[in-house]
Structure formats: C-alpha cells, structure tokens
Amino acid sequence: MRKRKLCVMLALTLAAGSALTACGGSDSGTGGSSGGAGSSAGSDSSGGSAGSGGASYTVSTVRWADWGEEYHKGFPDTSAKDLGIDITWNTILNSDWGDKKAVLLAGGDLPDAFMGSICFTESDIMTNEGTFIALDDYIDENMPNLKKIMESDPTMKALATSSDGHIYGLPAKKPCRPTVANQMFINKTWLDNLNLQMPTTYEEFVDVLRAFKDEDANGNGDPDDEIPYGRGYADAVMFFCLPFGTKIGADNTYSMAMQDGKPVFLPTTENYKEGIKWMSDCYKAGLIDSEIFTMDDSMRDAKLMSETPIVGCAPGWTADATFGSNGDQYEALPALKGPDGESYISSDPEHWNYSRYEFVVTSSCKDPAKLLQWADSFYTDDASIQNFYGGFGIGTEKDESAGTYTVLEPQNGDSADTYAWINSLRDFGPKYVAEGFNDKVTYAAENGDASKLALDKDLAQYAKPAYPNVSYTPEQLNTLATLYADISSYVATSQASWVTSGGVDKEWDSYLKQLDQMGYQDFFQIMQDAYNTYQSNL
C-alpha cells in the first residue's frame, strides 16, 4: 500500500477555504434536501458503538445541526455489529468544525476515519500528504461491492480517482435525486388573477413580468408593490439569462460549463453577453428587483416570504423552500425557449447527485481492511435507501416480495427533510443506486423529495452535459485559490454594472483583456487540464 509522506500545508488549506455549505450553495438558503437546518452551537458528542466486542474504530463526522445520535443507530451500527467490529462515533457540529479541522490537520489526534464529504475539501485532501491513506489496494481486495460498481459505472471510478491517479476517498451516488437542481418558480395565482397563460418563451416571459409590474397582480389593491423578478436561493443572473444558455452548474465549479462538447468559462461566452444585454433591458424596464445586487439575505427572505406575496418569480430548490408559506401559489416555470430555439435548465447531476471523499481513512488507522469491509456494506440498495431516509421501520420500509421501498411519513411532526437528517447520514457517507432505482421508491407523503422528483419528470428532458466533477493537483489548487478570487470578483462587479447600467457591448473587449491580465488564461488551462485528466479516468 502506497503511503504519502507527511507534508501539512495548513496555510493553503485555510486559504483555499473550508466553508461548508448546503446543497444550494452560498446563495441557496434553506432550499433543497441537502440543506438541512442551520448549524447550531455545541461540542463533540460520542455516539454509541455497535457493541460487538471485536476490532474497534473511531469514526468522526460533521453534522449541520445538533440532531442527536439516531443517524448511526440504524444501518451503520447494525452492519458493524454483523461484521464483528465496534464503531465509536465522534459527532462534530458544523459550527465547530472549522477550528477543529485546522487543529487536526496540523497534527492533532486523528480518528481512524471520517464519514461524509462535508468533512474535507479537495484542497484538504490533496495538500495534507500522509494524513489520508490511498485506498486503491483495499478496494481491490476488501470491497467487492464498490469494485463491481466501479467496473459498471465509469463515473464512480473517475470521481474517486484523484489527480495523482490514486483513490483517497470513497465516492457516492445518492438515491432519489433529481436531474434538475435549482429552477425557476412563478406565481400561478398572479397569472390566474391577470388571465395570463404560463409563458413558454423568453419573449412571453417578459410580457408576463411586464403585466406583473403594471397591474395589481397580487390583488391587494396596490398596483405598485409587485416585484416581477426577485432574488431567490440560486444565482439570480444566470437563472434569469438561462434561455440564452447560461447553464450554471453546482457550487465550486468555477462557473465552468460545457458547450459543443468543450469546457467554457460562462462569463466569457457570447451567450452570456447576450443574456446580460437582455437582462439589462428588463432591469431598465423595472421588471427586476432594483435591490437584487445590494440586499442582504434577511431582506431577500422578507420579500420572498412576505405575508402578501410581492415577488412574482425567483429561482430556488422547491416552491415551499423558496417562498415559505406562500409556496402553494407558485409553480415551476417551464424551460423557456430562447432565441436559438433551444430550451435550457440548470442541471449538474454529477455534482449534485454524485460525490467524492465520502469516507476517508487516516494514517492513524491500524487495520483499514476490516473498516473498509464495513464501508463496502454501504454500497447496496437496502443500505443506500436507509442511509438516506432512515432505517427500515423508522424512515423507510421494504416490500421484500416486490423489491420496492416506501419512504415513511415523519413520526414526530418534523418536516420530511429534517426527519431524514435525524435518522440517517442523509447526503453524506458511501452509497450507490443504479439507474432505475428511483422507480422502486414511493412516498407515503408529499414531502420535499417527492415533489422535487415529480417536477423533474417534466424538465429532465432538457438536461445537457455539465462540466464534470474533476480533481485538481495541489499545485493547481494553489494557483486557483489565488487566481479565481480576483477573477470572480471582477466578473461579479462587471455583471452588476452591466445589468443595472448597461454597456456590456461597449466594454466587452476591454473586459476580456482585463481578465487576461488577471491570469485568466492560466486559470482556464487548469480547468482544461483537469477536464482532460478526468476524461482519461473514464
């Protein structure tokens, strides 16, 4: 087994950023099954062990909030007991993790393993040589489930393989996840109030927004309090410009996309420029919230969830997650046909539904083989559904004769999303379901996942390839940390100026030249090289 020499680069780790966000990302609010509740204060808590009296391991994991220890008492502990090992769980709250992680990576007392991609970033893994062991040989010798999956699903192997050709963390593919991530929602009640049809093209969309502005769409007697398009929980600019092909991916993809089979940086593309021009015209016409670039999150939420709805359209994960108690007035906007005749959605399944580094083993582990046999037991249909919603009889049940599953209603009044987080590892930890698995799952209630998957049936047909979930070398990560901070800041400043004041055509060439002076060519070469490496691992 190959070992890497210890070379802790703590400064780079912190500079590259250890912020841990939910599925919706830095601007995703509470939306999405990956969002969970906000993190709360607390300290480490030691969960119960499997109690088998065999080999003992300590596994640490990070949780968004203090939801207790039930999450591991179903399948994870039962499987450990069946294998004759003891697992002692060290549960760390996300609010405490930043400081604790810095200490651990600087040479603290490491557990045997960490569970969940929430624990470490790509930079953490690749710049702390010797802290995490390579798993290649163990997968080949001790993990038959994962080995078989990697042979049948090239994406899983490509995801797991780091830039140096080795595997340091186990990958996952989550069950019951949509193809469409965030999407646009429009107030159907307003459409009905004004006798308007649901728009299907970008021109019809503008006509609807104009009607929302000019008339008393919410019916409260004030024709001037409506905000036709507002800031939601996803990128307000890229989603507004989506009919022009601004297919924004998941967080931490550096605004990269695929066009004509090639990687592109969206803010340098012609379709982005045309979309910005269109958005600027709409902004000048008063169809977009005048504070869209200046409001803070509390102002955004106040507008989205006003007692009387005042926002006509905004992007987010689901209607209820975006508009709160007003959610029943909103419906998903169709994939609007753009000027090129194409319809676009935001879709990045490889980032939203697949993940890497879901289980990493540290250099402190004395016997990784048995521990990884346990992790391998997570790669079955039964394990995956239980580790996403809760154990059989708690969050799920299985019809053995039919081979189907039912996601149960919460038993204590919690939302379905919170109930799943309390009773399972949810988005984190190893898991895998093959194509067609979702067809075996039904829901006892119309919870968030059920409604999201229902919407997905209509919009998934418009999904187009996204920039893949690539891996970077330590040198690439170091350069990206320096370059992208300046590039993204300049892009954001230019974007806000062009939308609110115009001038994108006049300033476009100088904008591209300025990006070059900021190191854009070096940045893009890294993204191209990482893409090429990923393709070679398929």
# chains A, B, ... in the order shown; residues from 1 in each chain; ligands from 1
>>> select_by_dssp(residues="stretch 437-530 of chain A", states="helix (DSSP H, G or I)", output="CSV table (one decimal) with C-alpha atoms, in the first residue's frame")
chain,number,residue,atom,x,y,z
A,437,PHE,CA,-33.7,2.5,-8.6
A,438,ASN,CA,-35.9,5.6,-8.2
A,439,ASP,CA,-38.7,3.7,-9.9
A,440,LYS,CA,-38.8,1.3,-7.0
A,448,GLY,CA,-39.8,17.7,-0.5
A,449,ASP,CA,-38.1,14.9,-2.3
A,450,ALA,CA,-41.4,13.6,-3.7
A,451,SER,CA,-42.4,17.0,-5.1
A,452,LYS,CA,-38.9,17.6,-6.5
A,453,LEU,CA,-38.9,14.3,-8.4
A,454,ALA,CA,-42.3,15.0,-9.7
A,455,LEU,CA,-41.1,18.3,-11.2
A,456,ASP,CA,-38.1,16.5,-12.6
A,457,LYS,CA,-40.2,14.3,-14.8
A,458,ASP,CA,-41.2,17.3,-16.9
A,459,LEU,CA,-37.9,19.2,-17.1
A,460,ALA,CA,-35.2,16.5,-17.1
A,461,GLN,CA,-35.7,16.1,-20.9
A,462,TYR,CA,-33.9,19.5,-21.4
A,474,PRO,CA,-2.0,20.6,-5.1
A,475,GLU,CA,-0.3,23.0,-7.4
A,476,GLN,CA,-3.5,23.6,-9.4
A,477,LEU,CA,-5.4,24.2,-6.2
A,478,ASN,CA,-2.8,26.7,-5.0
A,479,THR,CA,-3.0,28.6,-8.3
A,480,LEU,CA,-6.8,28.5,-8.4
A,481,ALA,CA,-7.0,29.9,-4.8
A,482,THR,CA,-5.0,32.9,-6.0
A,483,LEU,CA,-6.5,33.5,-9.4
A,484,TYR,CA,-10.1,32.8,-9.0
A,485,ALA,CA,-10.7,35.1,-6.1
A,486,ASP,CA,-9.7,38.1,-8.3
A,487,ILE,CA,-11.4,36.8,-11.4
A,488,SER,CA,-14.7,36.1,-9.8
A,489,SER,CA,-14.8,39.4,-8.0
A,490,TYR,CA,-14.1,41.3,-11.3
A,491,VAL,CA,-16.8,39.2,-13.1
A,492,ALA,CA,-19.4,39.9,-10.3
A,493,THR,CA,-18.6,43.7,-10.4
A,494,SER,CA,-18.9,43.9,-14.1
A,495,GLN,CA,-22.0,41.8,-14.1
A,496,ALA,CA,-23.8,44.1,-11.7
A,497,SER,CA,-22.7,47.2,-13.6
A,498,TRP,CA,-23.9,45.9,-16.9
A,499,VAL,CA,-27.3,44.7,-15.6
A,500,THR,CA,-28.1,47.9,-13.8
A,501,SER,CA,-26.4,50.5,-16.2
A,504,VAL,CA,-21.8,45.2,-22.0
A,505,ASP,CA,-21.3,45.6,-25.8
A,506,LYS,CA,-19.1,48.6,-25.4
A,507,GLU,CA,-17.0,47.2,-22.6
A,508,TRP,CA,-16.8,43.5,-23.6
A,509,ASP,CA,-13.4,43.6,-25.3
A,510,SER,CA,-11.7,45.5,-22.5
A,511,TYR,CA,-13.4,43.2,-20.0
A,512,LEU,CA,-11.8,40.1,-21.7
A,513,LYS,CA,-8.4,41.9,-21.9
A,514,GLN,CA,-8.6,42.7,-18.2
A,515,LEU,CA,-9.4,39.1,-17.4
A,516,ASP,CA,-6.3,38.0,-19.4
A,517,GLN,CA,-4.2,40.5,-17.3
A,520,TYR,CA,-7.5,34.1,-16.9
A,521,GLN,CA,-5.5,32.0,-19.5
A,522,ASP,CA,-3.7,30.3,-16.7
A,523,PHE,CA,-7.0,29.7,-14.9
A,524,PHE,CA,-8.6,28.2,-17.9
A,525,GLN,CA,-5.6,26.0,-18.7
A,526,ILE,CA,-6.0,24.5,-15.2
A,527,MET,CA,-9.7,23.8,-15.9
A,528,GLN,CA,-8.9,22.3,-19.3
A,529,ASP,CA,-6.1,20.1,-17.9
A,530,ALA,CA,-8.3,18.9,-15.0
>>> residues_around(residues="A:Gly338", least_positions_apart="4", cutoff="12 Å", atoms="only C-alpha atoms", output="PyMOL selection string")
chain A and resi 199-206+240-246+271+274-275+278+334+342-345
>>> select_by_dssp(residues="stretch 378-477 of chain A", states="strand (DSSP E or B)", output="PyMOL selection string")
chain A and resi 392+396-399+404-407+431+441-443
>>> write_last_selection(atoms="all heavy atoms", output="compact mmCIF listing (two decimals), in the first residue's frame")
# COMPACT_ATOMS: atom_id res chain seq x y z
N PHE A 392 -35.15 0.75 8.18
CA PHE A 392 -36.43 0.09 7.98
C PHE A 392 -37.24 0.13 9.28
O PHE A 392 -36.75 -0.18 10.35
CB PHE A 392 -36.22 -1.36 7.54
CG PHE A 392 -35.61 -1.49 6.17
CD1 PHE A 392 -34.79 -2.58 5.86
CD2 PHE A 392 -35.85 -0.55 5.18
CE1 PHE A 392 -34.23 -2.71 4.60
CE2 PHE A 392 -35.29 -0.67 3.92
CZ PHE A 392 -34.48 -1.76 3.62
N THR A 396 -37.99 4.26 6.49
CA THR A 396 -38.31 3.53 5.27
C THR A 396 -38.87 2.15 5.61
O THR A 396 -38.77 1.68 6.76
CB THR A 396 -37.06 3.33 4.40
OG1 THR A 396 -36.06 2.66 5.17
CG2 THR A 396 -36.50 4.65 3.90
N GLU A 397 -39.46 1.52 4.63
CA GLU A 397 -39.80 0.11 4.75
C GLU A 397 -39.62 -0.55 3.39
O GLU A 397 -39.69 0.12 2.36
CB GLU A 397 -41.22 -0.09 5.27
CG GLU A 397 -42.31 0.42 4.36
CD GLU A 397 -43.70 0.21 4.96
OE1 GLU A 397 -43.82 0.01 6.19
OE2 GLU A 397 -44.67 0.25 4.18
N LYS A 398 -39.40 -1.85 3.41
CA LYS A 398 -39.16 -2.59 2.17
C LYS A 398 -40.21 -3.69 2.00
O LYS A 398 -40.53 -4.41 2.95
CB LYS A 398 -37.77 -3.21 2.17
CG LYS A 398 -37.44 -3.97 0.89
CD LYS A 398 -36.03 -4.57 0.92
CE LYS A 398 -35.73 -5.29 -0.39
NZ LYS A 398 -34.38 -5.90 -0.39
N ASP A 399 -40.72 -3.78 0.79
CA ASP A 399 -41.58 -4.89 0.42
C ASP A 399 -40.67 -5.96 -0.19
O ASP A 399 -40.24 -5.85 -1.34
CB ASP A 399 -42.62 -4.43 -0.60
CG ASP A 399 -43.63 -5.52 -0.96
OD1 ASP A 399 -43.24 -6.71 -0.93
OD2 ASP A 399 -44.77 -5.19 -1.30
N THR A 404 -39.49 -3.41 -3.58
CA THR A 404 -39.74 -1.97 -3.63
C THR A 404 -39.61 -1.37 -2.23
O THR A 404 -39.60 -2.09 -1.22
CB THR A 404 -41.14 -1.68 -4.19
OG1 THR A 404 -42.13 -2.35 -3.37
CG2 THR A 404 -41.26 -2.17 -5.63
N TYR A 405 -39.55 -0.05 -2.20
CA TYR A 405 -39.34 0.67 -0.95
C TYR A 405 -40.38 1.78 -0.80
O TYR A 405 -40.83 2.37 -1.80
CB TYR A 405 -37.95 1.29 -0.90
CG TYR A 405 -36.83 0.31 -1.13
CD1 TYR A 405 -36.38 0.04 -2.42
CD2 TYR A 405 -36.21 -0.34 -0.06
CE1 TYR A 405 -35.34 -0.86 -2.64
CE2 TYR A 405 -35.16 -1.24 -0.27
CZ TYR A 405 -34.74 -1.50 -1.57
OH TYR A 405 -33.72 -2.38 -1.78
N THR A 406 -40.72 2.09 0.44
CA THR A 406 -41.59 3.22 0.75
C THR A 406 -40.88 4.13 1.74
O THR A 406 -40.35 3.66 2.75
CB THR A 406 -42.93 2.77 1.36
OG1 THR A 406 -43.61 1.92 0.43
CG2 THR A 406 -43.82 3.97 1.68
N VAL A 407 -40.85 5.42 1.44
CA VAL A 407 -40.34 6.41 2.38
C VAL A 407 -41.51 6.82 3.27
O VAL A 407 -42.54 7.31 2.78
CB VAL A 407 -39.75 7.63 1.66
CG1 VAL A 407 -39.28 8.67 2.67
CG2 VAL A 407 -38.60 7.20 0.75
N LYS A 431 -22.70 5.42 -0.59
CA LYS A 431 -23.97 4.85 -1.02
C LYS A 431 -23.96 4.78 -2.53
O LYS A 431 -23.19 5.49 -3.20
CB LYS A 431 -25.17 5.66 -0.50
CG LYS A 431 -25.09 7.17 -0.73
CD LYS A 431 -26.30 7.88 -0.17
CE LYS A 431 -26.44 7.84 1.32
NZ LYS A 431 -25.51 8.73 2.03
N VAL A 441 -39.15 3.30 -5.63
CA VAL A 441 -39.41 4.04 -4.39
C VAL A 441 -40.70 4.84 -4.50
O VAL A 441 -40.92 5.55 -5.47
CB VAL A 441 -38.24 4.98 -4.05
CG1 VAL A 441 -38.49 5.73 -2.75
CG2 VAL A 441 -36.93 4.20 -3.97
N THR A 442 -41.54 4.72 -3.49
CA THR A 442 -42.74 5.56 -3.39
C THR A 442 -42.69 6.31 -2.06
O THR A 442 -41.94 5.95 -1.15
CB THR A 442 -44.02 4.72 -3.46
OG1 THR A 442 -44.01 3.73 -2.41
CG2 THR A 442 -44.15 4.02 -4.81
N TYR A 443 -43.52 7.34 -1.95
CA TYR A 443 -43.53 8.19 -0.78
C TYR A 443 -44.91 8.19 -0.12
O TYR A 443 -45.92 8.34 -0.80
CB TYR A 443 -43.15 9.63 -1.16
CG TYR A 443 -41.73 9.75 -1.66
CD1 TYR A 443 -41.42 9.49 -2.99
CD2 TYR A 443 -40.70 10.10 -0.80
CE1 TYR A 443 -40.12 9.57 -3.45
CE2 TYR A 443 -39.40 10.20 -1.24
CZ TYR A 443 -39.11 9.93 -2.59
OH TYR A 443 -37.82 10.01 -3.03
>>> residues_around(residues="A:Tyr330", least_positions_apart="3", cutoff="7 Å", atoms="only C-alpha atoms", output="PyMOL selection string")
chain A and resi 185-188+319+327
>>> decode(residues="stretch 61-73 of chain A", atoms="all heavy atoms", output="PDB file, in the first residue's frame")
ATOM      1  N   THR A  61     -17.608  12.442  12.139  1.00  0.00           N
ATOM      2  CA  THR A  61     -18.420  13.013  11.075  1.00  0.00           C
ATOM      3  C   THR A  61     -18.905  14.381  11.512  1.00  0.00           C
ATOM      4  O   THR A  61     -18.918  14.701  12.703  1.00  0.00           O
ATOM      5  CB  THR A  61     -19.616  12.101  10.716  1.00  0.00           C
ATOM      6  OG1 THR A  61     -20.228  12.555   9.506  1.00  0.00           O
ATOM      7  CG2 THR A  61     -20.664  12.104  11.816  1.00  0.00           C
ATOM      8  N   VAL A  62     -19.285  15.191  10.532  1.00  0.00           N
ATOM      9  CA  VAL A  62     -19.747  16.547  10.786  1.00  0.00           C
ATOM     10  C   VAL A  62     -21.232  16.628  10.456  1.00  0.00           C
ATOM     11  O   VAL A  62     -21.684  16.092   9.439  1.00  0.00           O
ATOM     12  CB  VAL A  62     -18.959  17.568   9.934  1.00  0.00           C
ATOM     13  CG1 VAL A  62     -19.482  18.982  10.153  1.00  0.00           C
ATOM     14  CG2 VAL A  62     -17.470  17.491  10.282  1.00  0.00           C
ATOM     15  N   ARG A  63     -21.980  17.289  11.338  1.00  0.00           N
ATOM     16  CA  ARG A  63     -23.433  17.409  11.148  1.00  0.00           C
ATOM     17  C   ARG A  63     -23.796  18.883  11.085  1.00  0.00           C
ATOM     18  O   ARG A  63     -23.206  19.723  11.773  1.00  0.00           O
ATOM     19  CB  ARG A  63     -24.186  16.753  12.307  1.00  0.00           C
ATOM     20  CG  ARG A  63     -23.831  15.299  12.524  1.00  0.00           C
ATOM     21  CD  ARG A  63     -24.505  14.393  11.524  1.00  0.00           C
ATOM     22  NE  ARG A  63     -25.902  14.172  11.866  1.00  0.00           N
ATOM     23  CZ  ARG A  63     -26.803  13.654  11.035  1.00  0.00           C
ATOM     24  NH1 ARG A  63     -26.460  13.341   9.802  1.00  0.00           N
ATOM     25  NH2 ARG A  63     -28.040  13.462  11.432  1.00  0.00           N
ATOM     26  N   TRP A  64     -24.818  19.210  10.274  1.00  0.00           N
ATOM     27  CA  TRP A  64     -25.239  20.604  10.143  1.00  0.00           C
ATOM     28  C   TRP A  64     -25.770  21.153  11.461  1.00  0.00           C
ATOM     29  O   TRP A  64     -25.607  22.341  11.763  1.00  0.00           O
ATOM     30  CB  TRP A  64     -26.338  20.730   9.095  1.00  0.00           C
ATOM     31  CG  TRP A  64     -25.908  20.441   7.690  1.00  0.00           C
ATOM     32  CD1 TRP A  64     -26.368  19.448   6.886  1.00  0.00           C
ATOM     33  CD2 TRP A  64     -24.934  21.147   6.909  1.00  0.00           C
ATOM     34  NE1 TRP A  64     -25.744  19.486   5.656  1.00  0.00           N
ATOM     35  CE2 TRP A  64     -24.861  20.520   5.651  1.00  0.00           C
ATOM     36  CE3 TRP A  64     -24.114  22.241   7.157  1.00  0.00           C
ATOM     37  CZ2 TRP A  64     -24.009  20.962   4.637  1.00  0.00           C
ATOM     38  CZ3 TRP A  64     -23.258  22.671   6.150  1.00  0.00           C
ATOM     39  CH2 TRP A  64     -23.220  22.038   4.910  1.00  0.00           C
ATOM     40  N   ALA A  65     -26.426  20.322  12.241  1.00  0.00           N
ATOM     41  CA  ALA A  65     -27.040  20.790  13.487  1.00  0.00           C
ATOM     42  C   ALA A  65     -27.012  19.658  14.507  1.00  0.00           C
ATOM     43  O   ALA A  65     -26.683  18.512  14.187  1.00  0.00           O
ATOM     44  CB  ALA A  65     -28.475  21.259  13.234  1.00  0.00           C
ATOM     45  N   ASP A  66     -27.380  19.995  15.734  1.00  0.00           N
ATOM     46  CA  ASP A  66     -27.372  19.010  16.812  1.00  0.00           C
ATOM     47  C   ASP A  66     -28.665  18.195  16.764  1.00  0.00           C
ATOM     48  O   ASP A  66     -29.622  18.480  17.477  1.00  0.00           O
ATOM     49  CB  ASP A  66     -27.223  19.717  18.162  1.00  0.00           C
ATOM     50  CG  ASP A  66     -27.043  18.728  19.302  1.00  0.00           C
ATOM     51  OD1 ASP A  66     -26.958  17.517  19.023  1.00  0.00           O
ATOM     52  OD2 ASP A  66     -26.989  19.166  20.462  1.00  0.00           O
ATOM     53  N   TRP A  67     -28.658  17.176  15.920  1.00  0.00           N
ATOM     54  CA  TRP A  67     -29.843  16.337  15.744  1.00  0.00           C
ATOM     55  C   TRP A  67     -29.762  15.045  16.553  1.00  0.00           C
ATOM     56  O   TRP A  67     -30.558  14.131  16.352  1.00  0.00           O
ATOM     57  CB  TRP A  67     -30.020  15.992  14.264  1.00  0.00           C
ATOM     58  CG  TRP A  67     -30.485  17.120  13.410  1.00  0.00           C
ATOM     59  CD1 TRP A  67     -31.549  17.947  13.642  1.00  0.00           C
ATOM     60  CD2 TRP A  67     -29.921  17.549  12.172  1.00  0.00           C
ATOM     61  NE1 TRP A  67     -31.684  18.863  12.633  1.00  0.00           N
ATOM     62  CE2 TRP A  67     -30.695  18.643  11.703  1.00  0.00           C
ATOM     63  CE3 TRP A  67     -28.839  17.132  11.402  1.00  0.00           C
ATOM     64  CZ2 TRP A  67     -30.416  19.307  10.517  1.00  0.00           C
ATOM     65  CZ3 TRP A  67     -28.564  17.789  10.214  1.00  0.00           C
ATOM     66  CH2 TRP A  67     -29.348  18.866   9.780  1.00  0.00           C
ATOM     67  N   GLY A  68     -28.778  14.908  17.423  1.00  0.00           N
ATOM     68  CA  GLY A  68     -28.664  13.702  18.219  1.00  0.00           C
ATOM     69  C   GLY A  68     -27.864  12.612  17.522  1.00  0.00           C
ATOM     70  O   GLY A  68     -27.178  12.847  16.526  1.00  0.00           O
ATOM     71  N   GLU A  69     -27.976  11.406  18.045  1.00  0.00           N
ATOM     72  CA  GLU A  69     -27.156  10.286  17.594  1.00  0.00           C
ATOM     73  C   GLU A  69     -27.939   9.197  16.869  1.00  0.00           C
ATOM     74  O   GLU A  69     -27.390   8.137  16.552  1.00  0.00           O
ATOM     75  CB  GLU A  69     -26.440   9.667  18.800  1.00  0.00           C
ATOM     76  CG  GLU A  69     -25.468  10.593  19.492  1.00  0.00           C
ATOM     77  CD  GLU A  69     -24.285  10.982  18.613  1.00  0.00           C
ATOM     78  OE1 GLU A  69     -23.815  10.134  17.831  1.00  0.00           O
ATOM     79  OE2 GLU A  69     -23.839  12.152  18.694  1.00  0.00           O
ATOM     80  N   GLU A  70     -29.201   9.450  16.572  1.00  0.00           N
ATOM     81  CA  GLU A  70     -30.004   8.413  15.917  1.00  0.00           C
ATOM     82  C   GLU A  70     -29.503   8.099  14.505  1.00  0.00           C
ATOM     83  O   GLU A  70     -29.761   7.017  13.980  1.00  0.00           O
ATOM     84  CB  GLU A  70     -31.479   8.847  15.859  1.00  0.00           C
ATOM     85  CG  GLU A  70     -32.135   8.999  17.221  1.00  0.00           C
ATOM     86  CD  GLU A  70     -32.089   7.703  18.020  1.00  0.00           C
ATOM     87  OE1 GLU A  70     -32.356   6.642  17.440  1.00  0.00           O
ATOM     88  OE2 GLU A  70     -31.770   7.772  19.222  1.00  0.00           O
ATOM     89  N   TYR A  71     -28.794   9.029  13.893  1.00  0.00           N
ATOM     90  CA  TYR A  71     -28.402   8.871  12.493  1.00  0.00           C
ATOM     91  C   TYR A  71     -27.560   7.621  12.233  1.00  0.00           C
ATOM     92  O   TYR A  71     -27.561   7.074  11.136  1.00  0.00           O
ATOM     93  CB  TYR A  71     -27.648  10.116  12.008  1.00  0.00           C
ATOM     94  CG  TYR A  71     -26.257  10.279  12.564  1.00  0.00           C
ATOM     95  CD1 TYR A  71     -25.143   9.783  11.897  1.00  0.00           C
ATOM     96  CD2 TYR A  71     -26.047  10.944  13.774  1.00  0.00           C
ATOM     97  CE1 TYR A  71     -23.860   9.937  12.416  1.00  0.00           C
ATOM     98  CE2 TYR A  71     -24.775  11.105  14.295  1.00  0.00           C
ATOM     99  CZ  TYR A  71     -23.682  10.602  13.610  1.00  0.00           C
ATOM    100  OH  TYR A  71     -22.420  10.754  14.134  1.00  0.00           O
ATOM    101  N   HIS A  72     -26.821   7.143  13.244  1.00  0.00           N
ATOM    102  CA  HIS A  72     -25.960   5.976  13.028  1.00  0.00           C
ATOM    103  C   HIS A  72     -26.493   4.715  13.691  1.00  0.00           C
ATOM    104  O   HIS A  72     -25.899   3.634  13.554  1.00  0.00           O
ATOM    105  CB  HIS A  72     -24.534   6.252  13.511  1.00  0.00           C
ATOM    106  CG  HIS A  72     -24.413   6.558  14.983  1.00  0.00           C
ATOM    107  ND1 HIS A  72     -24.495   5.593  15.953  1.00  0.00           N
ATOM    108  CD2 HIS A  72     -24.214   7.742  15.637  1.00  0.00           C
ATOM    109  CE1 HIS A  72     -24.348   6.155  17.142  1.00  0.00           C
ATOM    110  NE2 HIS A  72     -24.177   7.461  16.983  1.00  0.00           N
ATOM    111  N   LYS A  73     -27.621   4.805  14.394  1.00  0.00           N
ATOM    112  CA  LYS A  73     -28.105   3.658  15.158  1.00  0.00           C
ATOM    113  C   LYS A  73     -28.911   2.663  14.326  1.00  0.00           C
ATOM    114  O   LYS A  73     -29.292   1.609  14.832  1.00  0.00           O
ATOM    115  CB  LYS A  73     -28.936   4.142  16.350  1.00  0.00           C
ATOM    116  CG  LYS A  73     -28.102   4.869  17.391  1.00  0.00           C
ATOM    117  CD  LYS A  73     -28.925   5.318  18.590  1.00  0.00           C
ATOM    118  CE  LYS A  73     -28.033   6.028  19.613  1.00  0.00           C
ATOM    119  NZ  LYS A  73     -28.809   6.514  20.784  1.00  0.00           N
TER     120      LYS A  73
END
